[in-house]
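Worksheet: the structure to be examined is printed underneath.
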Amino acid sequence: QVIPRSRQLSNYFIESELNQLRAMAILIPAVFMAVTLFLLHITMARVLLTQRESLGTLHAFGFSKFELQRQTFLLGVLCLLPGAAMGMLFGYWLSQQMVDLYGQYYRFAFFRFQFDTPSAWISLSLCILTGGAGGLMALQKMLQETPAALLKPPPPAHNRASALDSLAFLRTFNLVSRMSLRHLFRRPLHSFVTLAGLIVSLAFLVFAKFERTAISSLIEQEFGQNQRQTHSLLFSKRLPLQARHGVQQKISSGLMEAELILPVIFKTGLVTREINLIVSPDNPLLRAERIEKGGLKEKTGLGISVALADALGLQLGQTVTLTTRDATPETASIPISHRNENLMGYIATLRRDDFIRIWKTPAAFNSVLYFLPHNAMIDSRALLNSIPALSGIQTKSFEKIAFSKTFEENIGVMENFMIGFSILIAMGVIYNNARIHLSERQSELALLQAIGFNRSELTRLFWTDTVLLFFFALAPGLWAGRIFVLWIMLSIETEMFRMPLQVEPETYFWAVIILITGLLSTALLIQPQLHKLPFLTVLKARE
């Protein structure tokens, strides 16, 4: 029988991987572009603020708003071009590494890396639009003022008491803490952008760690709990159930279960799907069923995987039609009694007695599951020679190692990539915010140092608002990470496997620790500048 490529297992794997890459290529860059737009907007706002009088002069001498916008757009683009060039080179190198990784895993007969020029131009265009938009957003507020107003220095921020100072419990705080809180709520836009950057970074870190823990959970559940056999024997044809005793005699003592695996056409309404039907003993021990709670209690019934039920919108109690793919196909209608929480593949399960009664056929098997204690091995060569119908022997330990190795290599690259970008986002947001903070408040900090504030008090005054934003970002960042994980996993879910959509507590803990490390690294870059404020030079400097 000829099996078309669309139904081959290798094609399922490749199509599933391509679908995952397609979803990741859309979702991840979109988030990165949004974060870049935020960072560039803050930077350009500060740059344009220092050139406020120059912009006012140009506007007064006849430069139109369009010309100023064009110059600002070009300035934003120039800021991003070096990063875009480095990103293109890094993307080229990373693409080669990923292509080599897939070539080693799938072992294609001919596999050649080709640079995708249209994708490169699209990426460059998005960078240009992002850079220009960040500059224009920063310029828009200034263009609302008249040229005469632009020629004057911006009015200083008010230092009047706010509603925050009237809160009774805040009066118990010391002077430094109240000053930090006042500054935090006086700059809502910068505080919001910093908070958003921390939330996004934390969400990415949760996702980066989730993939590895999810794969470990998938391997543990499928290879440790659902599939408990050490070896699987596959036969080229159906054998009578009594023949299992002869197979048992040729192998050392161990637990054995015979089952029948049939390719069937699964039909409900106008929807059809080719799946495997597993006919197992009444009380299987080696291929355990993780039955979802709430299943029906009828003796006759079909068990289907949760992934299949969700994909086709099937409900418990609904009747479906199964047609075998034998030389003489047979059809039967069976109600769905329960759903199985297996994570690999779309499958259906049926007890052997129900199968015999529904299809009116003698008991048979074409697969044998063995559990050999004490890491015993099967003499594969002798067994294949003694049983002509035996077509293959699978060792679960080898499958587990190969499965783990493949995902370790694939996920390792993506995990490091996501961690690096998450830390860069966090450090970029915090460093940019701290630099602006230091530039705007250096006169105030120098004056406070001159009147007797020590280094410890200045440090607390400078970093308290950042620390508060970090704590404010923890809960929404971890929640956003969980939502991001669910969104990505549902987008890349395939028929071959599905990730367990459960974020472990250690994933949240790990993400928080990595983010704290990034914040401390940023503080080490800014703190020396805070301790070297030249009092006289700062007070004489022009704002």
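Residues in the structure tokens are named by chain (A, B, ... in the order shown) and by number from 1 within that chain; ligands are numbered from 1 in the order shown.
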Contacts of region 201-206 of chain A within 9 Å, only C-alpha atoms, excl. fewer than 3 positions in-chain, as a PyMOL selection string: chain A and resi 196-198+209-211+415+418-419+421-426+473-474+476-485+503+507-508+510-512+514-515
Write out the residues from the selection above, keeping C-alpha atoms, as a JSON list (two decimals), in the first residue's frame.
[["chain", "number", "residue", "atom", "x", "y", "z"],
["A", 196, "ALA", "CA", 5.64, 48.46, 31.06],
["A", 197, "GLY", "CA", 9.23, 47.56, 30.15],
["A", 198, "LEU", "CA", 9.69, 45.62, 33.38],
["A", 209, "LYS", "CA", 11.96, 29.23, 31.34],
["A", 210, "PHE", "CA", 8.52, 27.73, 30.72],
["A", 211, "GLU", "CA", 9.57, 25.97, 27.52],
["A", 415, "GLU", "CA", 15.91, 30.11, 25.61],
["A", 418, "MET", "CA", 14.81, 35.14, 24.94],
["A", 419, "ILE", "CA", 16.78, 35.57, 28.18],
["A", 421, "PHE", "CA", 16.56, 40.06, 24.98],
["A", 422, "SER", "CA", 14.58, 40.15, 28.21],
["A", 423, "ILE", "CA", 17.59, 41.35, 30.18],
["A", 424, "LEU", "CA", 18.45, 43.89, 27.48],
["A", 425, "ILE", "CA", 14.90, 45.25, 27.58],
["A", 426, "ALA", "CA", 14.94, 45.52, 31.37],
["A", 473, "ALA", "CA", 5.70, 45.12, 38.02],
["A", 474, "LEU", "CA", 6.00, 41.74, 39.75],
["A", 476, "PRO", "CA", 1.25, 42.01, 36.48],
["A", 477, "GLY", "CA", 4.53, 40.80, 34.92],
["A", 478, "LEU", "CA", 4.08, 37.25, 36.18],
["A", 479, "TRP", "CA", 0.43, 37.31, 35.17],
["A", 480, "ALA", "CA", 1.34, 38.66, 31.72],
["A", 481, "GLY", "CA", 3.98, 35.94, 31.44],
["A", 482, "ARG", "CA", 1.38, 33.26, 32.06],
["A", 483, "ILE", "CA", -1.01, 34.80, 29.52],
["A", 484, "PHE", "CA", 1.85, 35.12, 27.02],
["A", 485, "VAL", "CA", 2.74, 31.47, 27.53],
["A", 503, "VAL", "CA", 3.49, 27.28, 34.75],
["A", 507, "THR", "CA", 9.53, 29.27, 36.69],
["A", 508, "TYR", "CA", 8.20, 32.45, 38.32],
["A", 510, "TRP", "CA", 13.66, 31.93, 38.25],
["A", 511, "ALA", "CA", 12.27, 34.82, 36.15],
["A", 512, "VAL", "CA", 12.28, 37.18, 39.15],
["A", 514, "ILE", "CA", 17.11, 36.88, 36.51],
["A", 515, "LEU", "CA", 15.34, 40.23, 36.39]]
Backbone DSSP call of alpha helix (DSSP H) for region 37-260 of chain A, listed as a PyMOL selection string: chain A and resi 37-50+52-60+65-106+117-143+147-150+175-186+188-220+244-249
Backbone-only DSSP, strand (DSSP E or B) members of region 358-522 of chain A, as a list in words: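 DSSP-assigned strand (DSSP E or B) residues in region 358-522 of chain A: Ala364, Phe365, Asn366, Ser367, Val368, Leu369, Tyr370, Phe371, Leu390, Ser391, Gly392, Ile393, Gln394 and Thr395 of chain A.
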For the selection just defined, write its residues with N, CA and C atoms to a file, as an mmCIF file, in the first residue's frame.
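Heads up, here's the output in result.cif:
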data_model
loop_
_atom_site.group_PDB
_atom_site.id
_atom_site.type_symbol
_atom_site.label_atom_id
_atom_site.label_comp_id
_atom_site.auth_asym_id
_atom_site.auth_seq_id
_atom_site.Cartn_x
_atom_site.Cartn_y
_atom_site.Cartn_z
ATOM 1 N N ALA A 364 -7.246 -9.764 18.478
ATOM 2 C CA ALA A 364 -5.972 -9.777 17.770
ATOM 3 C C ALA A 364 -5.081 -8.675 18.332
ATOM 4 N N PHE A 365 -3.814 -8.728 17.930
ATOM 5 C CA PHE A 365 -2.875 -7.681 18.353
ATOM 6 C C PHE A 365 -1.824 -7.494 17.256
ATOM 7 N N ASN A 366 -1.223 -6.341 17.183
ATOM 8 C CA ASN A 366 -0.091 -6.086 16.285
ATOM 9 C C ASN A 366 1.003 -5.272 16.979
ATOM 10 N N SER A 367 0.894 -5.133 18.299
ATOM 11 C CA SER A 367 1.898 -4.434 19.086
ATOM 12 C C SER A 367 1.937 -5.050 20.479
ATOM 13 N N VAL A 368 3.125 -5.185 21.020
ATOM 14 C CA VAL A 368 3.313 -5.747 22.355
ATOM 15 C C VAL A 368 4.160 -4.784 23.166
ATOM 16 N N LEU A 369 3.687 -4.457 24.349
ATOM 17 C CA LEU A 369 4.432 -3.609 25.271
ATOM 18 C C LEU A 369 5.052 -4.489 26.342
ATOM 19 N N TYR A 370 6.338 -4.261 26.594
ATOM 20 C CA TYR A 370 7.059 -5.049 27.583
ATOM 21 C C TYR A 370 7.657 -4.127 28.631
ATOM 22 N N PHE A 371 7.612 -4.593 29.869
ATOM 23 C CA PHE A 371 8.354 -3.932 30.940
ATOM 24 C C PHE A 371 9.314 -4.957 31.519
ATOM 25 N N LEU A 390 7.585 -10.052 13.138
ATOM 26 C CA LEU A 390 8.078 -8.915 13.908
ATOM 27 C C LEU A 390 8.815 -7.951 12.979
ATOM 28 N N SER A 391 8.330 -6.719 12.901
ATOM 29 C CA SER A 391 8.915 -5.730 11.972
ATOM 30 C C SER A 391 9.839 -4.734 12.650
ATOM 31 N N GLY A 392 9.744 -4.558 13.954
ATOM 32 C CA GLY A 392 10.603 -3.583 14.608
ATOM 33 C C GLY A 392 10.497 -3.647 16.118
ATOM 34 N N ILE A 393 11.562 -3.177 16.785
ATOM 35 C CA ILE A 393 11.620 -3.144 18.252
ATOM 36 C C ILE A 393 12.027 -1.730 18.656
ATOM 37 N N GLN A 394 11.245 -1.134 19.513
ATOM 38 C CA GLN A 394 11.542 0.206 20.009
ATOM 39 C C GLN A 394 11.928 0.124 21.484
ATOM 40 N N THR A 395 13.022 0.792 21.809
ATOM 41 C CA THR A 395 13.472 0.866 23.195
ATOM 42 C C THR A 395 13.136 2.250 23.728
#
From A:Lys396, A:Leu277, A:Glu67, A:Leu316, residue lying nearest Arg228 (chain A) [only C-alpha atoms]: A:Lys396
Surrounding residues of Thr146 (chain A) excluding itself and chain neighbours under 3 positions, 12 Å, only C-alpha atoms, as a list in words: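 So, after excluding close chain neighbours, the residues are Arg52, Glu53, Leu55, Gly56, Thr57, Leu58, His59, Ala60, Lys65, Lys141, Met142, Leu143, Ala149, Leu150, Leu151 and Lys152 of chain A.
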May I have the selected residues written with C-alpha atoms, as a short mmCIF file (atom, residue, chain, number, x, y, z; two decimals), in the first residue's frame?
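Result file is result.cif:
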data_model
loop_
_atom_site.label_atom_id
_atom_site.label_comp_id
_atom_site.auth_asym_id
_atom_site.auth_seq_id
_atom_site.Cartn_x
_atom_site.Cartn_y
_atom_site.Cartn_z
CA ARG A 52 14.14 72.84 22.41
CA GLU A 53 15.50 76.34 21.70
CA LEU A 55 13.77 73.80 17.26
CA GLY A 56 12.05 77.05 18.25
CA THR A 57 14.61 79.10 16.32
CA LEU A 58 14.24 76.99 13.19
CA HIS A 59 10.47 77.18 13.46
CA ALA A 60 10.63 80.98 13.88
CA LYS A 65 6.27 71.59 10.89
CA LYS A 141 4.02 67.68 21.94
CA MET A 142 6.55 70.41 21.12
CA LEU A 143 4.90 71.27 17.82
CA ALA A 149 7.22 79.45 23.62
CA LEU A 150 9.82 77.04 22.25
CA LEU A 151 12.52 79.71 22.54
CA LYS A 152 12.00 79.80 26.29
#
